[in-house]
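> Could you have a look at this structure, given as structure tokens, before my questions?
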Amino acid sequence: MRIANVLSALTAAASLSLAGASIALAANGPAAGKTVKIGVIADVTGGAGAYGTSQKNAYDLAAEDLAAGRIDAGGAKIVFDVQDSASDPAQVVNLTQRFTTDGSALLLGPTLSSEAKKADPLAVRAGLTILATSNTAEGITTLGPCVFRNSLAEGQVVPEAVGKAVPRWKVKTAAIIYGDDDQFTKSDFDIFKAALDAQHVAIVDVETFHKKDVDFKAQLTKIAGKKPDLLVVGALQEEGVKIVVQAKALGLRAHVIGGNGLNSPKFIELAGAAADGVVVGAAYYPGNAYGGNRDFVARYKKKYGNAPDQFAAQAYAAAQIAARAIKDGAVTSEQICAAFKRLPLIETVLGPVAFLPTRDVRAASAILQVKGGTFAYFK
Amino acid sequence: MLLQQCANGIFLGAVYALFAIGYTLVFGVLDILNLAHAAIFMAAAFVALWLVGLGAPIVFAIALAIVFAGLLGILLDRVAFAPLRKRNAGTLVPLISSIGAAIVIEGVFRGIFGPDERRFPEGSFVSTQFHFGALTVGALDLIILATALGLMLVLSYVLRATPLGRDIRAVADDRIAAALLGINLERTIALTFFIASALGGAAGILIGLQYNSVSTDMGGRIELKGLAIIILGGMGSVTGAVVGAFVLGLVETLAVAWIGSSYRDAVAFGVMFVLLVLRPQGLLGKRALRAA
């Protein structure tokens, strides 16, 4: 395997220097005719199944689009090996182990930040490049020198969302409810707290819950007693839905703001009228006109019957980014890592993206508000 | 504030009670922990959701889904427990077999309905909220509370004062002796499974409506608490399970109100620990079902 990689690297390098002018032919890049295997770990089933399913759908669609030439990989064949980690961290670790030894040149995933923190170090030790598409907690890309992400971190989105919402709603006091047993929601708390502190908003109450809780009335009743102007929800979709529904039922009158966990059409569908007015800091707006997004949304809808959410868009964008690196001749893990580092600003369905020196993504965030059952820009 | 929190605690307790009643019945009769109870709970919610989606009136959908849950319970017994019973496999092997059955049921429903969380269409059931001064109470809260208490009373009556109840108690007490006295063992056990699973199904549907969410892992959320409740209540005691459920609901809620949400589970399970140290047989004593 090692030797094969080195050989292919050599041939790729040779063809780069020799071919020179002929590279201009898009379908005949330096990696033309080569097969690159990409391992994907997604929580297609289990607790985070809603996210992982979106991701799997997006990769299936991307594979079709690569075959049809709608995504240009310079003539190379890209194979996505999508594996279901069933929202089980142990399975994420097993699959990661597997992708480090089966010739995969890139790992996309896993779905949750908490899973990434457990499994990514294995890939890092084995020298496998990782592109996380949905890990938004702090401290993901610092796990290794070739760990990238194309998902805007909560730390990049939340301050902007809070900065917009606080003056708009004249917020003086806020209460936070967050899950204290999940990496993502826990870092939501830290980030929101810092953003609120920066805006001089007084935090009057902090409540916590655990994954899979269904009843939040005790916490919300306590919060209602403090009458905050703003309720911050640091939750994934499943719990987030129940929090906003129960808050409404209890007559809590605060404005509601949330992080990425609430940024999904499914959130609106499940929370119904209670979702109206909720503001989320997001990395993707389905109505944008970048990088083939309109076409992506239309074909995704046609194939799966529902609009793509952020998780689908980020996964599809990862396929676009990987294809670009491969088109430029990167076929081994090492080459892909190097190619990502010098990636120019490229158009994806998320908008123009590139990687920062921290390997986090450079992209614009979208501050959205639920209005009449759909997301719109928050003005 | 305190009034609202007490109401929150009681309604949360009612939700737990609904789940725990059927859970504890199978345990009381067969001495086995049926870990597939949570899967049947989930299955009934999905069947009701599916029927509502087809346009069935909600009450009809609920009734049919409850019958489905009961029948699934009988099937569960035939497949997962009856063969082991014939071989006198003890109590641990059926426990494992019930885990297997739960995985199969969940897998089938995930295959059919997908991993996504679903909800009943808006307005398919009462969603009225009553406001009494500072107190907010949902109509569905009251229905769940009434159902939990009602089922507890009916079930206690059935066990205490009907021929079927006598049979069930006899089987619970001594299976072989009951069979020698002419009680149809398999029929009684099947009926027990039907009743317990139908109750579990009713719980799944009402809880699915209450929290506006039906998903294949919804049973897992409540299973552990249900287990703690039936141990606290006194294994096999229906009334004990209901009392235990209200204790847990209230302690959890008041722990959030007075101590802090981060300590909720620590406080709740700490209180349970103390209660069990003081009364190792559970709140309502050992084998209350047989004595009932």
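Chain labels follow the order of the structure tokens: the first chain is A, the next B, and so on; residue numbering restarts at 1 in every chain, and ligands are counted from 1 in their shown order.
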Within 8 Å of chain A, which residues of chain B come that close, and what is the closest atom pair and distance in Å for each? Count only C-alpha atoms and give it as CSV.

```
residue,atom,partner,partner_atom,distance
B:Met1,CA,A:Gly225,CA,6.8
B:Gln4,CA,A:Thr221,CA,7.2
B:Gln5,CA,A:Ala218,CA,6.0
B:Asn8,CA,A:Lys217,CA,6.3
B:Gly9,CA,A:Ala218,CA,7.7
B:Leu12,CA,A:Asp215,CA,7.4
B:Pro115,CA,A:Gly49,CA,5.4
B:Asp116,CA,A:Ala50,CA,5.1
B:Glu117,CA,A:Ala50,CA,7.5
B:Arg118,CA,A:Leu270,CA,7.1
B:Arg119,CA,A:Leu270,CA,6.2
B:Glu122,CA,A:Gly272,CA,7.5
B:Gln129,CA,A:Ala249,CA,7.0
B:Thr136,CA,A:Leu250,CA,6.1
B:Gly138,CA,A:Ala249,CA,7.9
B:Tyr211,CA,A:Lys242,CA,6.6
B:Asn212,CA,A:Lys242,CA,7.6
B:Ser213,CA,A:Leu270,CA,7.7
B:Asp217,CA,A:Gly47,CA,7.0
B:Arg221,CA,A:Lys212,CA,5.6
B:Thr253,CA,A:Ala218,CA,5.3
B:Leu254,CA,A:Ala218,CA,7.7
B:Val256,CA,A:Ala218,CA,6.2
B:Ala257,CA,A:Lys222,CA,6.3
B:Gly260,CA,A:Glu207,CA,7.3
B:Ser261,CA,A:Thr208,CA,5.3
B:Ser262,CA,A:Thr208,CA,5.6
```
> At a cut-off of 7 Å, using only C-alpha atoms, what residues contact stretch 272-286 of chain B? Leave out same-chain residues fewer than 5 positions from it and give the result as a count of residues only.
7
> Considering only strand (DSSP E or B) as DSSP defines it on the backbone, what residues of stretch 154-334 of chain A qualify? List them as a PyMOL selection string.
chain A and resi 173-179+202-209+230-234+255-258+279-282
> Set the distance at 9 Å and use only C-alpha atoms: which residues neighbour B:Val251 once local chain neighbours fewer than 3 positions away are removed? I'd like the list as a list in words.
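Residues meeting the cut-off are Gly9, Phe246, Val247, Leu248, Leu254, Ala255, Val256, Arg264, Val267, Ala268 and Val271 of chain B.
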> Identify, on the basis of only C-alpha atoms, every residue whose closest approach to stretch 275-286 of chain A does not exceed 7 Å; exclude the query and any residue fewer than 3 positions from it along the same chain; express the result as a list in words.
Ser151, Leu152, Val157, Val158, Ala161, Val244, Val256, Ile257, Gly258, Gly259, Asn260, Leu262, Asn263, Ile268, Ala271, Gly272, Gln310, Leu350, Ser365, Ala366, Ile367, Leu368, Gln369, Val370, Lys371, Gly372 and Gly373 of chain A
> In Å to one decimal, how far is atom CA of B:Val171 from atom CA of B:Leu84?
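Taking atom CA of B:Leu84 as the start and atom CA of B:Val171 as the end point, the length is 16.7 Å.
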> Nearest to A:Asp197 among A:Thr173, A:Thr185, A:Ser113, A:Thr141, with distances taken over only C-alpha atoms: which residue is it?
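Using only C-alpha atoms, A:Asp197 sits closest to A:Thr173.
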> Give me the residues near A:Ala330 as a ChimeraX atom specification, where near means some atom within 10 Å (using only C-alpha atoms) and where sequence neighbours in that chain fewer than 2 positions away do not count.
/A:8-9,12-13,30-31,36,105,322-328,332-340
> Residues of stretch 24-264 of chain A classed as helix (DSSP H, G or I) by DSSP on the backbone are to be reported as a VMD selection string.
chain A and resid 24 26 to 28 49 to 67 89 to 101 113 to 125 141 to 143 154 to 169 183 to 198 217 to 226 237 to 249 260 to 262
> For each of A:Gly261, A:Gly155, A:Pro89, A:Gly39, take the minimum atom-to-atom distance to A:Asp102, counting only C-alpha atoms, then give the residue where this is smallest.
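With only C-alpha atoms as the atom set, the closest residue is A:Gly39.
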> Between atom CA of B:Ala202 and atom CA of B:Gly226, what is the distance in Å, rounded to a tenth?
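Computing the Euclidean distance for atom CA of B:Ala202 and atom CA of B:Gly226 yields 15.0 Å.
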> At a cut-off of 7 Å, using only C-alpha atoms, what residues contact stretch 62-72 of chain A? Leave out same-chain residues fewer than 6 positions from it and give the result as a PyMOL selection string.
chain A and resi 316+319-320+323
> Find the spatial neighbours of A:Ala318, counting only C-alpha atoms, within a cut-off of 8 Å - ignore same-chain residues fewer than 2 positions away - and output them as a PyMOL selection string.
chain A and resi 108+131+133+150+314-316+320-322
